[in-house]
file run.cif (mmCIF, N, CA and C atoms)
data_query
#
loop_
_atom_site.label_atom_id
_atom_site.label_comp_id
_atom_site.auth_asym_id
_atom_site.auth_seq_id
_atom_site.Cartn_x
_atom_site.Cartn_y
_atom_site.Cartn_z
N MET A 1 110.52 137.12 -178.54
CA MET A 1 109.32 136.95 -179.31
C MET A 1 108.12 137.15 -178.40
N ASP A 2 107.26 138.06 -178.80
CA ASP A 2 106.18 138.45 -177.91
C ASP A 2 104.91 137.63 -178.10
N THR A 3 104.71 137.07 -179.26
CA THR A 3 103.45 136.37 -179.51
C THR A 3 103.70 135.07 -180.26
N TYR A 4 102.66 134.25 -180.25
CA TYR A 4 102.76 133.02 -181.04
C TYR A 4 102.85 133.32 -182.52
N ARG A 5 102.31 134.44 -182.97
CA ARG A 5 102.42 134.80 -184.38
C ARG A 5 103.88 134.97 -184.76
N GLU A 6 104.65 135.67 -183.94
CA GLU A 6 106.07 135.85 -184.21
C GLU A 6 106.79 134.51 -184.21
N LEU A 7 106.42 133.67 -183.27
CA LEU A 7 107.03 132.34 -183.19
C LEU A 7 106.70 131.52 -184.44
N TYR A 8 105.45 131.60 -184.88
CA TYR A 8 105.04 130.90 -186.10
C TYR A 8 105.86 131.38 -187.29
N TYR A 9 105.98 132.71 -187.46
CA TYR A 9 106.74 133.24 -188.59
C TYR A 9 108.21 132.84 -188.51
N HIS A 10 108.75 132.82 -187.31
CA HIS A 10 110.14 132.39 -187.14
C HIS A 10 110.31 130.95 -187.64
N LEU A 11 109.44 130.06 -187.19
CA LEU A 11 109.54 128.66 -187.60
C LEU A 11 109.24 128.48 -189.08
N PHE A 12 108.34 129.28 -189.62
CA PHE A 12 108.04 129.23 -191.05
C PHE A 12 109.30 129.54 -191.86
N HIS A 13 110.02 130.60 -191.46
CA HIS A 13 111.24 130.98 -192.18
C HIS A 13 112.34 129.94 -191.99
N VAL A 14 112.40 129.35 -190.82
CA VAL A 14 113.37 128.27 -190.59
C VAL A 14 113.09 127.12 -191.56
N ASN A 15 111.83 126.77 -191.70
CA ASN A 15 111.47 125.68 -192.62
C ASN A 15 111.80 126.04 -194.06
N GLU A 16 111.55 127.29 -194.45
CA GLU A 16 111.92 127.73 -195.81
C GLU A 16 113.42 127.57 -196.05
N ASN A 17 114.21 127.99 -195.07
CA ASN A 17 115.67 127.88 -195.21
C ASN A 17 116.10 126.43 -195.28
N ALA A 18 115.47 125.57 -194.51
CA ALA A 18 115.80 124.15 -194.54
C ALA A 18 115.44 123.55 -195.90
N LEU A 19 114.30 123.95 -196.45
CA LEU A 19 113.92 123.46 -197.77
C LEU A 19 114.91 123.90 -198.84
N ARG A 20 115.40 125.12 -198.73
CA ARG A 20 116.42 125.59 -199.69
C ARG A 20 117.69 124.76 -199.58
N ALA A 21 118.05 124.41 -198.34
CA ALA A 21 119.23 123.56 -198.16
C ALA A 21 119.00 122.20 -198.79
N LEU A 22 117.81 121.66 -198.63
CA LEU A 22 117.51 120.35 -199.22
C LEU A 22 117.51 120.42 -200.74
N GLU A 23 117.06 121.54 -201.30
CA GLU A 23 117.10 121.71 -202.75
C GLU A 23 118.53 121.68 -203.27
N ARG A 24 119.48 122.09 -202.42
CA ARG A 24 120.90 122.03 -202.79
C ARG A 24 121.51 120.69 -202.39
N SER A 25 120.67 119.75 -201.94
CA SER A 25 121.11 118.43 -201.47
C SER A 25 122.00 118.53 -200.24
N ASP A 26 121.79 119.56 -199.45
CA ASP A 26 122.55 119.77 -198.22
C ASP A 26 121.72 119.28 -197.04
N VAL A 27 121.66 117.98 -196.87
CA VAL A 27 120.83 117.38 -195.83
C VAL A 27 121.34 117.76 -194.44
N SER A 28 122.64 117.70 -194.24
CA SER A 28 123.17 118.04 -192.92
C SER A 28 122.92 119.52 -192.59
N GLY A 29 122.98 120.38 -193.60
CA GLY A 29 122.67 121.79 -193.38
C GLY A 29 121.21 121.99 -193.00
N ALA A 30 120.33 121.26 -193.66
CA ALA A 30 118.90 121.34 -193.34
C ALA A 30 118.64 120.89 -191.91
N VAL A 31 119.31 119.83 -191.50
CA VAL A 31 119.15 119.33 -190.13
C VAL A 31 119.64 120.38 -189.13
N ARG A 32 120.78 121.00 -189.42
CA ARG A 32 121.31 122.04 -188.53
C ARG A 32 120.34 123.23 -188.43
N ILE A 33 119.79 123.64 -189.57
CA ILE A 33 118.87 124.77 -189.60
C ILE A 33 117.62 124.45 -188.78
N LEU A 34 117.06 123.26 -188.98
CA LEU A 34 115.85 122.88 -188.25
C LEU A 34 116.12 122.74 -186.76
N SER A 35 117.25 122.15 -186.42
CA SER A 35 117.58 121.97 -185.00
C SER A 35 117.76 123.32 -184.31
N ALA A 36 118.46 124.23 -184.98
CA ALA A 36 118.66 125.56 -184.41
C ALA A 36 117.33 126.30 -184.27
N GLY A 37 116.49 126.19 -185.27
CA GLY A 37 115.19 126.84 -185.21
C GLY A 37 114.32 126.31 -184.09
N GLN A 38 114.34 125.00 -183.91
CA GLN A 38 113.58 124.40 -182.81
C GLN A 38 114.11 124.87 -181.46
N ARG A 39 115.43 124.88 -181.33
CA ARG A 39 116.05 125.31 -180.08
C ARG A 39 115.69 126.78 -179.78
N GLU A 40 115.77 127.63 -180.79
CA GLU A 40 115.43 129.04 -180.61
C GLU A 40 113.97 129.21 -180.20
N ALA A 41 113.09 128.44 -180.83
CA ALA A 41 111.67 128.53 -180.49
C ALA A 41 111.41 128.06 -179.06
N GLU A 42 112.04 126.96 -178.69
CA GLU A 42 111.86 126.45 -177.32
C GLU A 42 112.38 127.44 -176.30
N GLU A 43 113.53 128.05 -176.58
CA GLU A 43 114.09 129.04 -175.65
C GLU A 43 113.18 130.25 -175.53
N ALA A 44 112.57 130.66 -176.65
CA ALA A 44 111.65 131.80 -176.62
C ALA A 44 110.42 131.49 -175.78
N VAL A 45 109.89 130.30 -175.94
CA VAL A 45 108.69 129.91 -175.19
C VAL A 45 109.01 129.81 -173.70
N LEU A 46 110.19 129.33 -173.38
CA LEU A 46 110.55 129.16 -171.97
C LEU A 46 111.07 130.43 -171.31
N SER A 47 111.33 131.46 -172.11
CA SER A 47 111.88 132.68 -171.53
C SER A 47 110.82 133.41 -170.72
N ASP A 48 111.27 134.15 -169.74
CA ASP A 48 110.35 134.90 -168.88
C ASP A 48 109.56 135.93 -169.66
N SER A 49 110.20 136.60 -170.62
CA SER A 49 109.50 137.64 -171.36
C SER A 49 108.36 137.07 -172.19
N PHE A 50 108.58 135.90 -172.78
CA PHE A 50 107.52 135.28 -173.57
C PHE A 50 106.40 134.82 -172.66
N GLN A 51 106.74 134.19 -171.54
CA GLN A 51 105.72 133.72 -170.60
C GLN A 51 104.90 134.89 -170.07
N SER A 52 105.56 135.99 -169.75
CA SER A 52 104.82 137.12 -169.18
C SER A 52 103.89 137.74 -170.21
N SER A 53 104.24 137.67 -171.50
CA SER A 53 103.33 138.23 -172.50
C SER A 53 102.14 137.30 -172.73
N LEU A 54 102.34 136.00 -172.52
CA LEU A 54 101.22 135.07 -172.67
C LEU A 54 100.31 135.10 -171.45
N PHE A 55 100.91 135.25 -170.27
CA PHE A 55 100.17 135.20 -169.03
C PHE A 55 100.45 136.47 -168.23
N PRO A 56 99.86 137.60 -168.62
CA PRO A 56 100.19 138.86 -167.95
C PRO A 56 99.79 138.89 -166.48
N CYS A 57 98.97 138.00 -166.03
CA CYS A 57 98.56 137.98 -164.62
C CYS A 57 99.45 137.08 -163.78
N GLY A 58 100.54 136.60 -164.32
CA GLY A 58 101.48 135.83 -163.52
C GLY A 58 101.59 134.37 -163.91
N GLY A 59 100.93 133.94 -164.92
CA GLY A 59 101.05 132.56 -165.36
C GLY A 59 99.77 131.77 -165.20
N PRO A 60 99.74 130.60 -165.80
CA PRO A 60 98.51 129.81 -165.78
C PRO A 60 98.17 129.30 -164.38
N ASP A 61 99.15 129.20 -163.50
CA ASP A 61 98.90 128.67 -162.17
C ASP A 61 98.60 129.75 -161.15
N ALA A 62 98.69 131.02 -161.56
CA ALA A 62 98.52 132.14 -160.62
C ALA A 62 97.05 132.34 -160.27
#
call {"tool": "encode", "arguments": {"input": "run.cif", "output": "structure tokens"}}
result
Amino acid sequence: MDTYRELYYHLFHVNENALRALERSDVSGAVRILSAGQREAEEAVLSDSFQSSLFPCGGPDA
């Protein structure tokens, strides 16, 4: 994910899928969907490619 916009859309779709699971009364499915989405978002933010796109000069401490 190159930008926060992509990350936002990813989490938006994760939330939509979780809401659909809740509409089916699938609470455990909704929890799994949200947990996976959070994990994916955190991994994207912590990845080198995402960091380098946010901080092209080497990071906030450079």
call {"tool": "resolve_selection", "arguments": {"input": "run.cif", "expression": "the PyMOL selection byres (((chain A and resi 27-36 and name CA) around 12) and name CA)", "output": "compact mmCIF listing (two decimals) with N, CA and C atoms, in the frame of the given file"}}
result
# COMPACT_ATOMS: atom_id res chain seq x y z
N HIS A 10 108.75 132.82 -187.31
CA HIS A 10 110.14 132.39 -187.14
C HIS A 10 110.31 130.95 -187.64
N LEU A 11 109.44 130.06 -187.19
CA LEU A 11 109.54 128.66 -187.60
C LEU A 11 109.24 128.48 -189.08
N PHE A 12 108.34 129.28 -189.62
CA PHE A 12 108.04 129.23 -191.05
C PHE A 12 109.30 129.54 -191.86
N HIS A 13 110.02 130.60 -191.46
CA HIS A 13 111.24 130.98 -192.18
C HIS A 13 112.34 129.94 -191.99
N VAL A 14 112.40 129.35 -190.82
CA VAL A 14 113.37 128.27 -190.59
C VAL A 14 113.09 127.12 -191.56
N ASN A 15 111.83 126.77 -191.70
CA ASN A 15 111.47 125.68 -192.62
C ASN A 15 111.80 126.04 -194.06
N GLU A 16 111.55 127.29 -194.45
CA GLU A 16 111.92 127.73 -195.81
C GLU A 16 113.42 127.57 -196.05
N ASN A 17 114.21 127.99 -195.07
CA ASN A 17 115.67 127.88 -195.21
C ASN A 17 116.10 126.43 -195.28
N ALA A 18 115.47 125.57 -194.51
CA ALA A 18 115.80 124.15 -194.54
C ALA A 18 115.44 123.55 -195.90
N LEU A 19 114.30 123.95 -196.45
CA LEU A 19 113.92 123.46 -197.77
C LEU A 19 114.91 123.90 -198.84
N ARG A 20 115.40 125.12 -198.73
CA ARG A 20 116.42 125.59 -199.69
C ARG A 20 117.69 124.76 -199.58
N ALA A 21 118.05 124.41 -198.34
CA ALA A 21 119.23 123.56 -198.16
C ALA A 21 119.00 122.20 -198.79
N LEU A 22 117.81 121.66 -198.63
CA LEU A 22 117.51 120.35 -199.22
C LEU A 22 117.51 120.42 -200.74
N GLU A 23 117.06 121.54 -201.30
CA GLU A 23 117.10 121.71 -202.75
C GLU A 23 118.53 121.68 -203.27
N ARG A 24 119.48 122.09 -202.42
CA ARG A 24 120.90 122.03 -202.79
C ARG A 24 121.51 120.69 -202.39
N SER A 25 120.67 119.75 -201.94
CA SER A 25 121.11 118.43 -201.47
C SER A 25 122.00 118.53 -200.24
N ASP A 26 121.79 119.56 -199.45
CA ASP A 26 122.55 119.77 -198.22
C ASP A 26 121.72 119.28 -197.04
N GLY A 37 116.49 126.19 -185.27
CA GLY A 37 115.19 126.84 -185.21
C GLY A 37 114.32 126.31 -184.09
N GLN A 38 114.34 125.00 -183.91
CA GLN A 38 113.58 124.40 -182.81
C GLN A 38 114.11 124.87 -181.46
N ARG A 39 115.43 124.88 -181.33
CA ARG A 39 116.05 125.31 -180.08
C ARG A 39 115.69 126.78 -179.78
N GLU A 40 115.77 127.63 -180.79
CA GLU A 40 115.43 129.04 -180.61
C GLU A 40 113.97 129.21 -180.20
N ALA A 41 113.09 128.44 -180.83
CA ALA A 41 111.67 128.53 -180.49
C ALA A 41 111.41 128.06 -179.06
N GLU A 42 112.04 126.96 -178.69
CA GLU A 42 111.86 126.45 -177.32
C GLU A 42 112.38 127.44 -176.30
N GLU A 43 113.53 128.05 -176.58
CA GLU A 43 114.09 129.04 -175.65
C GLU A 43 113.18 130.25 -175.53
call {"tool": "atom_distance", "arguments": {"input": "run.cif", "atom1": "atom N of Leu7 (chain A)", "atom2": "atom C of Ala44 (chain A)"}}
result
8.8 Å
call {"tool": "atom_distance", "arguments": {"input": "run.cif", "atom1": "atom C of Tyr9 (chain A)", "atom2": "CA of Ser47 (chain A)"}}
result
17.4 Å
call {"tool": "decode", "arguments": {"input": "run.cif", "residues": "region 7-23 of chain A", "atoms": "all heavy atoms", "output": "PDB file, in the first residue's frame"}}
result
ATOM      1  N   LEU A   7      -4.698   2.712   2.315  1.00  0.00           N
ATOM      2  CA  LEU A   7      -4.890   2.103   3.624  1.00  0.00           C
ATOM      3  C   LEU A   7      -6.297   2.381   4.150  1.00  0.00           C
ATOM      4  O   LEU A   7      -6.966   1.494   4.673  1.00  0.00           O
ATOM      5  CB  LEU A   7      -3.841   2.654   4.592  1.00  0.00           C
ATOM      6  CG  LEU A   7      -3.692   1.972   5.924  1.00  0.00           C
ATOM      7  CD1 LEU A   7      -3.355   0.498   5.762  1.00  0.00           C
ATOM      8  CD2 LEU A   7      -2.608   2.672   6.733  1.00  0.00           C
ATOM      9  N   TYR A   8      -6.765   3.604   3.969  1.00  0.00           N
ATOM     10  CA  TYR A   8      -8.126   3.963   4.381  1.00  0.00           C
ATOM     11  C   TYR A   8      -9.145   3.097   3.650  1.00  0.00           C
ATOM     12  O   TYR A   8     -10.062   2.549   4.265  1.00  0.00           O
ATOM     13  CB  TYR A   8      -8.386   5.444   4.100  1.00  0.00           C
ATOM     14  CG  TYR A   8      -9.834   5.819   4.279  1.00  0.00           C
ATOM     15  CD1 TYR A   8     -10.331   6.100   5.555  1.00  0.00           C
ATOM     16  CD2 TYR A   8     -10.710   5.847   3.203  1.00  0.00           C
ATOM     17  CE1 TYR A   8     -11.672   6.413   5.723  1.00  0.00           C
ATOM     18  CE2 TYR A   8     -12.042   6.164   3.374  1.00  0.00           C
ATOM     19  CZ  TYR A   8     -12.516   6.445   4.634  1.00  0.00           C
ATOM     20  OH  TYR A   8     -13.836   6.751   4.817  1.00  0.00           O
ATOM     21  N   TYR A   9      -9.007   2.985   2.325  1.00  0.00           N
ATOM     22  CA  TYR A   9      -9.960   2.182   1.560  1.00  0.00           C
ATOM     23  C   TYR A   9      -9.914   0.711   1.972  1.00  0.00           C
ATOM     24  O   TYR A   9     -10.952   0.052   2.042  1.00  0.00           O
ATOM     25  CB  TYR A   9      -9.713   2.309   0.058  1.00  0.00           C
ATOM     26  CG  TYR A   9     -10.157   3.646  -0.501  1.00  0.00           C
ATOM     27  CD1 TYR A   9      -9.297   4.409  -1.274  1.00  0.00           C
ATOM     28  CD2 TYR A   9     -11.422   4.150  -0.244  1.00  0.00           C
ATOM     29  CE1 TYR A   9      -9.700   5.640  -1.784  1.00  0.00           C
ATOM     30  CE2 TYR A   9     -11.823   5.373  -0.743  1.00  0.00           C
ATOM     31  CZ  TYR A   9     -10.963   6.113  -1.509  1.00  0.00           C
ATOM     32  OH  TYR A   9     -11.360   7.316  -2.013  1.00  0.00           O
ATOM     33  N   HIS A  10      -8.731   0.219   2.250  1.00  0.00           N
ATOM     34  CA  HIS A  10      -8.603  -1.165   2.711  1.00  0.00           C
ATOM     35  C   HIS A  10      -9.403  -1.359   4.006  1.00  0.00           C
ATOM     36  O   HIS A  10     -10.209  -2.288   4.117  1.00  0.00           O
ATOM     37  CB  HIS A  10      -7.136  -1.523   2.927  1.00  0.00           C
ATOM     38  CG  HIS A  10      -6.936  -2.838   3.602  1.00  0.00           C
ATOM     39  ND1 HIS A  10      -7.194  -4.034   2.966  1.00  0.00           N
ATOM     40  CD2 HIS A  10      -6.538  -3.148   4.856  1.00  0.00           C
ATOM     41  CE1 HIS A  10      -6.962  -5.031   3.808  1.00  0.00           C
ATOM     42  NE2 HIS A  10      -6.555  -4.513   4.949  1.00  0.00           N
ATOM     43  N   LEU A  11      -9.194  -0.477   4.971  1.00  0.00           N
ATOM     44  CA  LEU A  11      -9.898  -0.608   6.250  1.00  0.00           C
ATOM     45  C   LEU A  11     -11.396  -0.368   6.100  1.00  0.00           C
ATOM     46  O   LEU A  11     -12.206  -0.996   6.789  1.00  0.00           O
ATOM     47  CB  LEU A  11      -9.294   0.347   7.279  1.00  0.00           C
ATOM     48  CG  LEU A  11      -7.888  -0.013   7.732  1.00  0.00           C
ATOM     49  CD1 LEU A  11      -7.307   1.087   8.612  1.00  0.00           C
ATOM     50  CD2 LEU A  11      -7.881  -1.346   8.465  1.00  0.00           C
ATOM     51  N   PHE A  12     -11.780   0.515   5.191  1.00  0.00           N
ATOM     52  CA  PHE A  12     -13.194   0.756   4.931  1.00  0.00           C
ATOM     53  C   PHE A  12     -13.866  -0.525   4.445  1.00  0.00           C
ATOM     54  O   PHE A  12     -14.934  -0.912   4.927  1.00  0.00           O
ATOM     55  CB  PHE A  12     -13.347   1.875   3.898  1.00  0.00           C
ATOM     56  CG  PHE A  12     -14.772   2.242   3.621  1.00  0.00           C
ATOM     57  CD1 PHE A  12     -15.432   3.143   4.438  1.00  0.00           C
ATOM     58  CD2 PHE A  12     -15.464   1.675   2.556  1.00  0.00           C
ATOM     59  CE1 PHE A  12     -16.754   3.488   4.192  1.00  0.00           C
ATOM     60  CE2 PHE A  12     -16.778   2.010   2.307  1.00  0.00           C
ATOM     61  CZ  PHE A  12     -17.429   2.923   3.129  1.00  0.00           C
ATOM     62  N   HIS A  13     -13.214  -1.227   3.503  1.00  0.00           N
ATOM     63  CA  HIS A  13     -13.780  -2.471   2.977  1.00  0.00           C
ATOM     64  C   HIS A  13     -13.778  -3.571   4.035  1.00  0.00           C
ATOM     65  O   HIS A  13     -14.710  -4.383   4.088  1.00  0.00           O
ATOM     66  CB  HIS A  13     -13.034  -2.910   1.725  1.00  0.00           C
ATOM     67  CG  HIS A  13     -13.282  -2.008   0.561  1.00  0.00           C
ATOM     68  ND1 HIS A  13     -14.511  -1.863  -0.032  1.00  0.00           N
ATOM     69  CD2 HIS A  13     -12.461  -1.174  -0.107  1.00  0.00           C
ATOM     70  CE1 HIS A  13     -14.444  -0.989  -1.005  1.00  0.00           C
ATOM     71  NE2 HIS A  13     -13.204  -0.545  -1.079  1.00  0.00           N
ATOM     72  N   VAL A  14     -12.768  -3.590   4.874  1.00  0.00           N
ATOM     73  CA  VAL A  14     -12.744  -4.555   5.978  1.00  0.00           C
ATOM     74  C   VAL A  14     -13.948  -4.323   6.885  1.00  0.00           C
ATOM     75  O   VAL A  14     -14.646  -5.269   7.281  1.00  0.00           O
ATOM     76  CB  VAL A  14     -11.416  -4.453   6.768  1.00  0.00           C
ATOM     77  CG1 VAL A  14     -11.504  -5.189   8.089  1.00  0.00           C
ATOM     78  CG2 VAL A  14     -10.265  -4.991   5.934  1.00  0.00           C
ATOM     79  N   ASN A  15     -14.220  -3.064   7.195  1.00  0.00           N
ATOM     80  CA  ASN A  15     -15.369  -2.751   8.047  1.00  0.00           C
ATOM     81  C   ASN A  15     -16.685  -3.139   7.384  1.00  0.00           C
ATOM     82  O   ASN A  15     -17.594  -3.643   8.047  1.00  0.00           O
ATOM     83  CB  ASN A  15     -15.380  -1.262   8.407  1.00  0.00           C
ATOM     84  CG  ASN A  15     -14.343  -0.928   9.444  1.00  0.00           C
ATOM     85  OD1 ASN A  15     -14.023  -1.743  10.294  1.00  0.00           O
ATOM     86  ND2 ASN A  15     -13.796   0.266   9.369  1.00  0.00           N
ATOM     87  N   GLU A  16     -16.798  -2.899   6.074  1.00  0.00           N
ATOM     88  CA  GLU A  16     -18.005  -3.315   5.353  1.00  0.00           C
ATOM     89  C   GLU A  16     -18.213  -4.823   5.454  1.00  0.00           C
ATOM     90  O   GLU A  16     -19.327  -5.287   5.698  1.00  0.00           O
ATOM     91  CB  GLU A  16     -17.907  -2.929   3.882  1.00  0.00           C
ATOM     92  CG  GLU A  16     -18.155  -1.485   3.595  1.00  0.00           C
ATOM     93  CD  GLU A  16     -18.121  -1.196   2.106  1.00  0.00           C
ATOM     94  OE1 GLU A  16     -17.458  -1.948   1.351  1.00  0.00           O
ATOM     95  OE2 GLU A  16     -18.761  -0.230   1.695  1.00  0.00           O
ATOM     96  N   ASN A  17     -17.136  -5.576   5.260  1.00  0.00           N
ATOM     97  CA  ASN A  17     -17.242  -7.037   5.343  1.00  0.00           C
ATOM     98  C   ASN A  17     -17.607  -7.482   6.750  1.00  0.00           C
ATOM     99  O   ASN A  17     -18.389  -8.430   6.923  1.00  0.00           O
ATOM    100  CB  ASN A  17     -15.935  -7.685   4.896  1.00  0.00           C
ATOM    101  CG  ASN A  17     -15.683  -7.487   3.416  1.00  0.00           C
ATOM    102  OD1 ASN A  17     -16.602  -7.274   2.643  1.00  0.00           O
ATOM    103  ND2 ASN A  17     -14.430  -7.551   3.021  1.00  0.00           N
ATOM    104  N   ALA A  18     -17.071  -6.823   7.750  1.00  0.00           N
ATOM    105  CA  ALA A  18     -17.404  -7.163   9.131  1.00  0.00           C
ATOM    106  C   ALA A  18     -18.873  -6.860   9.418  1.00  0.00           C
ATOM    107  O   ALA A  18     -19.556  -7.642  10.097  1.00  0.00           O
ATOM    108  CB  ALA A  18     -16.502  -6.410  10.102  1.00  0.00           C
ATOM    109  N   LEU A  19     -19.369  -5.741   8.896  1.00  0.00           N
ATOM    110  CA  LEU A  19     -20.784  -5.417   9.081  1.00  0.00           C
ATOM    111  C   LEU A  19     -21.684  -6.448   8.422  1.00  0.00           C
ATOM    112  O   LEU A  19     -22.720  -6.833   8.978  1.00  0.00           O
ATOM    113  CB  LEU A  19     -21.087  -4.021   8.532  1.00  0.00           C
ATOM    114  CG  LEU A  19     -20.585  -2.865   9.382  1.00  0.00           C
ATOM    115  CD1 LEU A  19     -20.778  -1.541   8.642  1.00  0.00           C
ATOM    116  CD2 LEU A  19     -21.288  -2.840  10.728  1.00  0.00           C
ATOM    117  N   ARG A  20     -21.289  -6.924   7.253  1.00  0.00           N
ATOM    118  CA  ARG A  20     -22.075  -7.978   6.586  1.00  0.00           C
ATOM    119  C   ARG A  20     -22.101  -9.249   7.428  1.00  0.00           C
ATOM    120  O   ARG A  20     -23.132  -9.923   7.531  1.00  0.00           O
ATOM    121  CB  ARG A  20     -21.499  -8.267   5.206  1.00  0.00           C
ATOM    122  CG  ARG A  20     -21.807  -7.188   4.212  1.00  0.00           C
ATOM    123  CD  ARG A  20     -21.450  -7.618   2.791  1.00  0.00           C
ATOM    124  NE  ARG A  20     -21.471  -6.450   1.941  1.00  0.00           N
ATOM    125  CZ  ARG A  20     -20.401  -5.868   1.427  1.00  0.00           C
ATOM    126  NH1 ARG A  20     -19.207  -6.373   1.629  1.00  0.00           N
ATOM    127  NH2 ARG A  20     -20.511  -4.801   0.673  1.00  0.00           N
ATOM    128  N   ALA A  21     -20.961  -9.563   8.044  1.00  0.00           N
ATOM    129  CA  ALA A  21     -20.918 -10.744   8.912  1.00  0.00           C
ATOM    130  C   ALA A  21     -21.849 -10.546  10.103  1.00  0.00           C
ATOM    131  O   ALA A  21     -22.560 -11.474  10.506  1.00  0.00           O
ATOM    132  CB  ALA A  21     -19.485 -11.008   9.376  1.00  0.00           C
ATOM    133  N   LEU A  22     -21.855  -9.347  10.663  1.00  0.00           N
ATOM    134  CA  LEU A  22     -22.734  -9.080  11.807  1.00  0.00           C
ATOM    135  C   LEU A  22     -24.202  -9.146  11.400  1.00  0.00           C
ATOM    136  O   LEU A  22     -25.045  -9.584  12.192  1.00  0.00           O
ATOM    137  CB  LEU A  22     -22.409  -7.717  12.418  1.00  0.00           C
ATOM    138  CG  LEU A  22     -21.089  -7.644  13.177  1.00  0.00           C
ATOM    139  CD1 LEU A  22     -20.803  -6.206  13.587  1.00  0.00           C
ATOM    140  CD2 LEU A  22     -21.101  -8.567  14.384  1.00  0.00           C
ATOM    141  N   GLU A  23     -24.514  -8.708  10.183  1.00  0.00           N
ATOM    142  CA  GLU A  23     -25.896  -8.806   9.698  1.00  0.00           C
ATOM    143  C   GLU A  23     -26.349 -10.255   9.619  1.00  0.00           C
ATOM    144  O   GLU A  23     -27.540 -10.541   9.755  1.00  0.00           O
ATOM    145  CB  GLU A  23     -26.026  -8.138   8.325  1.00  0.00           C
ATOM    146  CG  GLU A  23     -25.959  -6.632   8.398  1.00  0.00           C
ATOM    147  CD  GLU A  23     -25.897  -5.980   7.029  1.00  0.00           C
ATOM    148  OE1 GLU A  23     -25.725  -6.701   6.002  1.00  0.00           O
ATOM    149  OE2 GLU A  23     -25.985  -4.750   6.979  1.00  0.00           O
TER     150      GLU A  23
END
